[in-house]
Each structure stands twice: as structure tokens, then as C-alpha cells.
Amino acid sequence: MPFLRQGAMKVSDHHVRSPFEDLDRACLSCHPVPAEEMKARIEEIQDRHAALLSRAEDALIALIDQIKAARAAGASGQALDPALKLQRRAQWRVDFVNAENSMGFHAPQESARILAEAIDYARQGQIAAAMAR
């Protein structure tokens, strides 16, 4: 196509949908495995990712609840500062992974690492909030 610059990406489909809907075009051109194997691999990675994301979100909610309880018990803003900093670190990581939008498929180990950090920061924040009371 003469209007494409060298190295430019050619768009062959203008429909916005999940790549999972057309594995031949979206995946199998680069990953030469049978379609059923690719589908099973995608589902396994995304199921693991969803479970870890859910655990990270639960940890974050538990931290927010702990901060709320500490405030209700009279903890000062200064005393809660360490917990709030950890909450921001955990929240940023959960938001980042949610925004990435591949459900872990394109970089499952990195997504898992980031979510593990989110869980760790949230749990550290819970301890910090409990100590602030």
C-alpha cells in the first residue's frame, strides 16, 4: 500500500472487539500453536490474573476500611500518613493493572509482580493504620 510508511502498522480490521474473538488474526500469526491450545492458554492466564486482581482489590478495600476505622477511633492525619502513603502505592498498582486491559495475557509475570506489590503495600498499610490508633 503506497500510503503506508515503511515500518507503519497496517490495520486490517476496524471492528473494536476482543482479540479473543478472532484468534487466527489476533494471535496465531505470531504464536504458531493450535487455536484450541491458544484459547486454553489465554483462559488459564486470564483466570489466574482475575483471581490475583480480586485479591489485590480485597486487600486494598481492607486497608481503606482499616484507615476509616483508625480515623473513627481518633487517629490523627499525621499518625495515618504512613498508611495513606501505602494506600496510594497499592491503589496506583491496582489501577495500572486494570487500565492495561489485557487481563494479564501480554505480560502475565509482570502483572502478577505488580499485583503482589499492591497486596504487600495494602497489608503493610493495614498494619500502619492499626498502629496509628
# chains A, B, ... in the order shown; residues from 1 in each chain; ligands from 1
$ select_by_dssp --residues "chain A" --states "alpha helix (DSSP H)" --output "NGL selection string"
:A and (23-26 or 35-72 or 77-100 or 108-131)
$ write_last_selection --atoms "C-alpha atoms" --output "PDB file, in the first residue's frame"
ATOM      1  CA  LEU A  23      -7.569 -15.882  17.291  1.00  0.00           C
ATOM      2  CA  ASP A  24      -6.363 -16.573  13.758  1.00  0.00           C
ATOM      3  CA  ARG A  25      -5.769 -12.895  13.047  1.00  0.00           C
ATOM      4  CA  ALA A  26      -5.000 -11.628  16.516  1.00  0.00           C
ATOM      5  CA  ALA A  35      -6.222 -22.460  18.174  1.00  0.00           C
ATOM      6  CA  GLU A  36      -7.633 -24.625  20.979  1.00  0.00           C
ATOM      7  CA  GLU A  37      -4.270 -24.610  22.770  1.00  0.00           C
ATOM      8  CA  MET A  38      -4.043 -20.836  22.428  1.00  0.00           C
ATOM      9  CA  LYS A  39      -7.593 -20.410  23.717  1.00  0.00           C
ATOM     10  CA  ALA A  40      -6.846 -22.642  26.741  1.00  0.00           C
ATOM     11  CA  ARG A  41      -3.612 -20.737  27.427  1.00  0.00           C
ATOM     12  CA  ILE A  42      -5.417 -17.385  27.283  1.00  0.00           C
ATOM     13  CA  GLU A  43      -8.197 -18.581  29.573  1.00  0.00           C
ATOM     14  CA  GLU A  44      -5.754 -20.013  32.127  1.00  0.00           C
ATOM     15  CA  ILE A  45      -3.657 -16.834  32.236  1.00  0.00           C
ATOM     16  CA  GLN A  46      -6.698 -14.574  32.439  1.00  0.00           C
ATOM     17  CA  ASP A  47      -8.372 -16.686  35.143  1.00  0.00           C
ATOM     18  CA  ARG A  48      -5.213 -16.569  37.278  1.00  0.00           C
ATOM     19  CA  HIS A  49      -4.900 -12.850  36.649  1.00  0.00           C
ATOM     20  CA  ALA A  50      -8.546 -12.197  37.614  1.00  0.00           C
ATOM     21  CA  ALA A  51      -8.102 -14.137  40.868  1.00  0.00           C
ATOM     22  CA  LEU A  52      -4.943 -12.202  41.771  1.00  0.00           C
ATOM     23  CA  LEU A  53      -6.542  -8.889  40.824  1.00  0.00           C
ATOM     24  CA  SER A  54      -9.514  -9.721  43.041  1.00  0.00           C
ATOM     25  CA  ARG A  55      -7.169 -10.491  45.951  1.00  0.00           C
ATOM     26  CA  ALA A  56      -5.354  -7.186  45.428  1.00  0.00           C
ATOM     27  CA  GLU A  57      -8.638  -5.275  45.334  1.00  0.00           C
ATOM     28  CA  ASP A  58      -9.811  -7.056  48.510  1.00  0.00           C
ATOM     29  CA  ALA A  59      -6.551  -6.132  50.262  1.00  0.00           C
ATOM     30  CA  LEU A  60      -6.929  -2.530  49.163  1.00  0.00           C
ATOM     31  CA  ILE A  61     -10.522  -2.349  50.421  1.00  0.00           C
ATOM     32  CA  ALA A  62      -9.417  -3.879  53.736  1.00  0.00           C
ATOM     33  CA  LEU A  63      -6.756  -1.155  54.013  1.00  0.00           C
ATOM     34  CA  ILE A  64      -9.269   1.593  53.280  1.00  0.00           C
ATOM     35  CA  ASP A  65     -11.607   0.123  55.921  1.00  0.00           C
ATOM     36  CA  GLN A  66      -8.706  -0.008  58.426  1.00  0.00           C
ATOM     37  CA  ILE A  67      -7.856   3.645  57.748  1.00  0.00           C
ATOM     38  CA  LYS A  68     -11.522   4.584  58.172  1.00  0.00           C
ATOM     39  CA  ALA A  69     -11.688   2.683  61.486  1.00  0.00           C
ATOM     40  CA  ALA A  70      -8.486   4.350  62.708  1.00  0.00           C
ATOM     41  CA  ARG A  71      -9.912   7.781  61.891  1.00  0.00           C
ATOM     42  CA  ALA A  72     -13.138   6.920  63.708  1.00  0.00           C
ATOM     43  CA  GLY A  77      -3.852  12.686  59.966  1.00  0.00           C
ATOM     44  CA  GLN A  78      -0.172  12.747  60.816  1.00  0.00           C
ATOM     45  CA  ALA A  79      -0.388   9.344  62.514  1.00  0.00           C
ATOM     46  CA  LEU A  80      -2.187   7.937  59.456  1.00  0.00           C
ATOM     47  CA  ASP A  81       0.279   9.392  56.960  1.00  0.00           C
ATOM     48  CA  PRO A  82       2.326   6.150  56.571  1.00  0.00           C
ATOM     49  CA  ALA A  83      -0.861   4.123  55.977  1.00  0.00           C
ATOM     50  CA  LEU A  84      -2.137   6.668  53.455  1.00  0.00           C
ATOM     51  CA  LYS A  85       1.149   6.610  51.540  1.00  0.00           C
ATOM     52  CA  LEU A  86       0.965   2.814  51.356  1.00  0.00           C
ATOM     53  CA  GLN A  87      -2.673   3.053  50.244  1.00  0.00           C
ATOM     54  CA  ARG A  88      -1.643   5.322  47.354  1.00  0.00           C
ATOM     55  CA  ARG A  89       1.110   2.878  46.324  1.00  0.00           C
ATOM     56  CA  ALA A  90      -1.294  -0.072  46.400  1.00  0.00           C
ATOM     57  CA  GLN A  91      -4.057   1.850  44.623  1.00  0.00           C
ATOM     58  CA  TRP A  92      -1.747   3.019  41.842  1.00  0.00           C
ATOM     59  CA  ARG A  93      -0.680  -0.550  41.099  1.00  0.00           C
ATOM     60  CA  VAL A  94      -4.227  -1.924  41.085  1.00  0.00           C
ATOM     61  CA  ASP A  95      -5.357   0.925  38.813  1.00  0.00           C
ATOM     62  CA  PHE A  96      -2.383   0.419  36.476  1.00  0.00           C
ATOM     63  CA  VAL A  97      -3.095  -3.283  36.013  1.00  0.00           C
ATOM     64  CA  ASN A  98      -6.806  -2.613  35.494  1.00  0.00           C
ATOM     65  CA  ALA A  99      -6.044   0.033  32.881  1.00  0.00           C
ATOM     66  CA  GLU A 100      -3.599  -2.209  30.999  1.00  0.00           C
ATOM     67  CA  PRO A 108       1.482 -12.289  32.991  1.00  0.00           C
ATOM     68  CA  GLN A 109       4.597 -12.358  35.164  1.00  0.00           C
ATOM     69  CA  GLU A 110       4.856  -8.578  35.281  1.00  0.00           C
ATOM     70  CA  SER A 111       1.155  -8.189  36.046  1.00  0.00           C
ATOM     71  CA  ALA A 112       1.489 -10.734  38.848  1.00  0.00           C
ATOM     72  CA  ARG A 113       4.533  -8.909  40.226  1.00  0.00           C
ATOM     73  CA  ILE A 114       2.705  -5.574  40.244  1.00  0.00           C
ATOM     74  CA  LEU A 115      -0.378  -7.086  41.896  1.00  0.00           C
ATOM     75  CA  ALA A 116       1.804  -8.816  44.504  1.00  0.00           C
ATOM     76  CA  GLU A 117       3.305  -5.415  45.320  1.00  0.00           C
ATOM     77  CA  ALA A 118      -0.205  -3.955  45.611  1.00  0.00           C
ATOM     78  CA  ILE A 119      -1.201  -6.688  48.071  1.00  0.00           C
ATOM     79  CA  ASP A 120       2.007  -6.228  50.059  1.00  0.00           C
ATOM     80  CA  TYR A 121       1.592  -2.436  50.271  1.00  0.00           C
ATOM     81  CA  ALA A 122      -2.065  -2.815  51.267  1.00  0.00           C
ATOM     82  CA  ARG A 123      -1.232  -5.278  54.045  1.00  0.00           C
ATOM     83  CA  GLN A 124       1.639  -3.077  55.280  1.00  0.00           C
ATOM     84  CA  GLY A 125      -0.817  -0.166  55.246  1.00  0.00           C
ATOM     85  CA  GLN A 126      -3.274  -2.114  57.379  1.00  0.00           C
ATOM     86  CA  ILE A 127      -0.570  -2.650  59.977  1.00  0.00           C
ATOM     87  CA  ALA A 128       0.397   1.031  59.846  1.00  0.00           C
ATOM     88  CA  ALA A 129      -3.240   2.091  60.251  1.00  0.00           C
ATOM     89  CA  ALA A 130      -3.715  -0.248  63.198  1.00  0.00           C
ATOM     90  CA  MET A 131      -0.622   1.197  64.856  1.00  0.00           C
TER      91      MET A 131
END
$ residues_around --residues "Arg133 of chain A" --least-positions-apart "6" --cutoff "7 Å" --atoms "only C-alpha atoms" --output "list in words"
Ala70, Ala73, Gly74 and Ala75 of chain A
